[in-house]
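Reviewing the structure listed below.
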Amino acid sequence: MMIRFLAALTLVAGFLVAGGGTAHACSCASREPAERMRDADVVLTATATAVRVDEPMLNGGRVTATLRADRVYKGPERDEFEVVTRAQGPACGYAFTEGTRYLVFAREGDEGLTTSLCSGNEVLAPGAGPT
């Protein structure tokens, strides 16, 4: 009986040590619009036409949003952009929704254009005007 108790105790202790990773929440500093514009490589207003999950959970996951631009304020003049973000909010991922229009601040990186919850993106009303 004592051997079973010790085995169960060892198993529970193993789960606590191995499986108990610390959860980290995304924390963003408040920035003025001029700072967001300066720090971004691409700034545009666009509607999300597709959102696909590339990596659902691994290291915060990865989502690619295809955006149809109606106005580019900074960066290359194109009709369409692909922007990568983390799949999870705690990993600072930005939650794009198909059919929704956004003001997007993105940086050029190893994964292409990237954005995050801390970039300063905003949901906009449908249309083609600046805001």
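Each chain in the structure tokens gets a letter, A, B and so on, in the order shown; residues start at 1 in every chain, and ligands are counted from 1 in the order they appear.
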
Who sits within 9 Å of A:Thr115, only C-alpha atoms, same chain under 4 positions skipped, as a PyMOL selection string: chain A and resi 83-86+93-94+104-107+119-121

As a short mmCIF file (atom, residue, chain, number, x, y, z; two decimals) with N, CA, C and O atoms, in the first residue's frame, please: the residues near stretch 50-58 of chain A (cut-off 8 Å, only C-alpha atoms, same-chain neighbours under 4 positions excluded).
data_model
loop_
_atom_site.label_atom_id
_atom_site.label_comp_id
_atom_site.auth_asym_id
_atom_site.auth_seq_id
_atom_site.Cartn_x
_atom_site.Cartn_y
_atom_site.Cartn_z
N ARG A 62 0.75 30.94 -34.88
CA ARG A 62 1.01 31.91 -35.95
C ARG A 62 -0.22 31.99 -36.84
O ARG A 62 -0.78 30.97 -37.24
N VAL A 63 -0.63 33.21 -37.15
CA VAL A 63 -1.77 33.47 -38.02
C VAL A 63 -1.30 34.39 -39.14
O VAL A 63 -0.51 35.32 -38.90
N THR A 64 -1.79 34.15 -40.36
CA THR A 64 -1.51 35.04 -41.48
C THR A 64 -2.83 35.65 -41.93
O THR A 64 -3.78 34.93 -42.23
N ALA A 65 -2.89 36.98 -41.96
CA ALA A 65 -4.07 37.69 -42.44
C ALA A 65 -3.76 38.29 -43.81
O ALA A 65 -2.72 38.93 -43.99
N THR A 66 -4.65 38.04 -44.77
CA THR A 66 -4.56 38.68 -46.08
C THR A 66 -5.42 39.92 -46.02
O THR A 66 -6.61 39.85 -45.67
N LEU A 67 -4.83 41.07 -46.33
CA LEU A 67 -5.51 42.35 -46.20
C LEU A 67 -5.61 43.04 -47.56
O LEU A 67 -4.61 43.19 -48.26
N ALA A 87 -0.91 33.60 -32.80
CA ALA A 87 -2.29 33.10 -32.78
C ALA A 87 -2.98 33.36 -31.45
O ALA A 87 -4.20 33.28 -31.37
N GLN A 88 -2.23 33.67 -30.42
CA GLN A 88 -2.80 33.81 -29.08
C GLN A 88 -2.58 35.21 -28.53
O GLN A 88 -1.50 35.78 -28.68
N PHE A 96 -7.32 39.16 -36.00
CA PHE A 96 -7.96 39.61 -37.23
C PHE A 96 -9.22 38.78 -37.50
O PHE A 96 -9.24 37.59 -37.21
N THR A 97 -10.25 39.42 -38.07
CA THR A 97 -11.49 38.75 -38.44
C THR A 97 -11.79 39.08 -39.89
O THR A 97 -11.76 40.26 -40.28
N GLU A 98 -12.09 38.04 -40.68
CA GLU A 98 -12.44 38.26 -42.09
C GLU A 98 -13.61 39.23 -42.20
O GLU A 98 -14.56 39.16 -41.44
#

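Put simply, atom CA of A:Glu122 is 5.1 Å away from atom CA of A:Leu103.
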
Write out as a PyMOL selection string each polymer residue whose atoms come within 10 Å of A:Ala25, counting only C-alpha atoms; drop sequence neighbours fewer than 4 positions from it. chain A and resi 88-92

Kindly give the distance, in Å, that separates atom CA of A:Leu117 and atom CA of A:Ser27, rounded to a single decimal. 8.9 Å

Can you tell me which residues surround A:Cys28 at a distance of at most 8 Å, considering only C-alpha atoms, apart from same-chain residues fewer than 2 positions away, and format the answer as number ranges by chain? A: 26, 30, 117-118

Point-to-point distance from atom CA of A:Glu108 to atom CA of A:Phe81, Å rounded to tenths: 11.8 Å

I need the strand (DSSP E or B) residues of stretch 45-109 of chain A per DSSP on the backbone, written as a PyMOL selection string. chain A and resi 45-55+62-74+80-85+101-109

Can you check which residues of stretch 31-111 of chain A DSSP gives as helix (DSSP H, G or I) on the backbone and send them as a list in words? Pro33, Ala34, Glu35, Arg36, Met37, Arg38, Asp39, Leu58, Asn59, Gly60, Gly89, Pro90 and Ala91 of chain A

Grab the residues selected above and save them as a PDB file, in the first residue's frame with N, CA and C atoms.
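The result, written out as selection.pdb:
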ATOM      1  N   PRO A  33       0.144  58.095 -31.481  1.00  0.00           N
ATOM      2  CA  PRO A  33       0.057  57.743 -32.907  1.00  0.00           C
ATOM      3  C   PRO A  33       1.334  58.036 -33.693  1.00  0.00           C
ATOM      4  N   ALA A  34       2.003  59.144 -33.397  1.00  0.00           N
ATOM      5  CA  ALA A  34       3.246  59.477 -34.106  1.00  0.00           C
ATOM      6  C   ALA A  34       4.331  58.429 -33.846  1.00  0.00           C
ATOM      7  N   GLU A  35       4.388  57.887 -32.629  1.00  0.00           N
ATOM      8  CA  GLU A  35       5.359  56.835 -32.308  1.00  0.00           C
ATOM      9  C   GLU A  35       5.033  55.548 -33.066  1.00  0.00           C
ATOM     10  N   ARG A  36       3.747  55.184 -33.110  1.00  0.00           N
ATOM     11  CA  ARG A  36       3.347  53.977 -33.842  1.00  0.00           C
ATOM     12  C   ARG A  36       3.696  54.106 -35.316  1.00  0.00           C
ATOM     13  N   MET A  37       3.464  55.280 -35.899  1.00  0.00           N
ATOM     14  CA  MET A  37       3.769  55.524 -37.307  1.00  0.00           C
ATOM     15  C   MET A  37       5.278  55.456 -37.547  1.00  0.00           C
ATOM     16  N   ARG A  38       6.052  56.065 -36.683  1.00  0.00           N
ATOM     17  CA  ARG A  38       7.508  56.073 -36.823  1.00  0.00           C
ATOM     18  C   ARG A  38       8.096  54.658 -36.734  1.00  0.00           C
ATOM     19  N   ASP A  39       7.594  53.843 -35.818  1.00  0.00           N
ATOM     20  CA  ASP A  39       8.141  52.507 -35.583  1.00  0.00           C
ATOM     21  C   ASP A  39       7.710  51.477 -36.617  1.00  0.00           C
ATOM     22  N   LEU A  58       1.843  26.255 -31.059  1.00  0.00           N
ATOM     23  CA  LEU A  58       3.278  26.154 -30.841  1.00  0.00           C
ATOM     24  C   LEU A  58       3.912  27.531 -30.674  1.00  0.00           C
ATOM     25  N   ASN A  59       4.525  27.766 -29.535  1.00  0.00           N
ATOM     26  CA  ASN A  59       5.201  29.041 -29.245  1.00  0.00           C
ATOM     27  C   ASN A  59       4.303  30.253 -29.486  1.00  0.00           C
ATOM     28  N   GLY A  60       3.049  30.158 -29.105  1.00  0.00           N
ATOM     29  CA  GLY A  60       2.111  31.261 -29.295  1.00  0.00           C
ATOM     30  C   GLY A  60       1.350  31.168 -30.595  1.00  0.00           C
ATOM     31  N   GLY A  89      -3.599  35.731 -27.873  1.00  0.00           N
ATOM     32  CA  GLY A  89      -3.497  37.035 -27.230  1.00  0.00           C
ATOM     33  C   GLY A  89      -2.409  37.115 -26.175  1.00  0.00           C
ATOM     34  N   PRO A  90      -2.252  36.090 -25.309  1.00  0.00           N
ATOM     35  CA  PRO A  90      -1.184  36.158 -24.317  1.00  0.00           C
ATOM     36  C   PRO A  90       0.216  36.221 -24.936  1.00  0.00           C
ATOM     37  N   ALA A  91       0.346  35.799 -26.205  1.00  0.00           N
ATOM     38  CA  ALA A  91       1.624  35.904 -26.916  1.00  0.00           C
ATOM     39  C   ALA A  91       1.656  37.185 -27.747  1.00  0.00           C
TER      40      ALA A  91
END
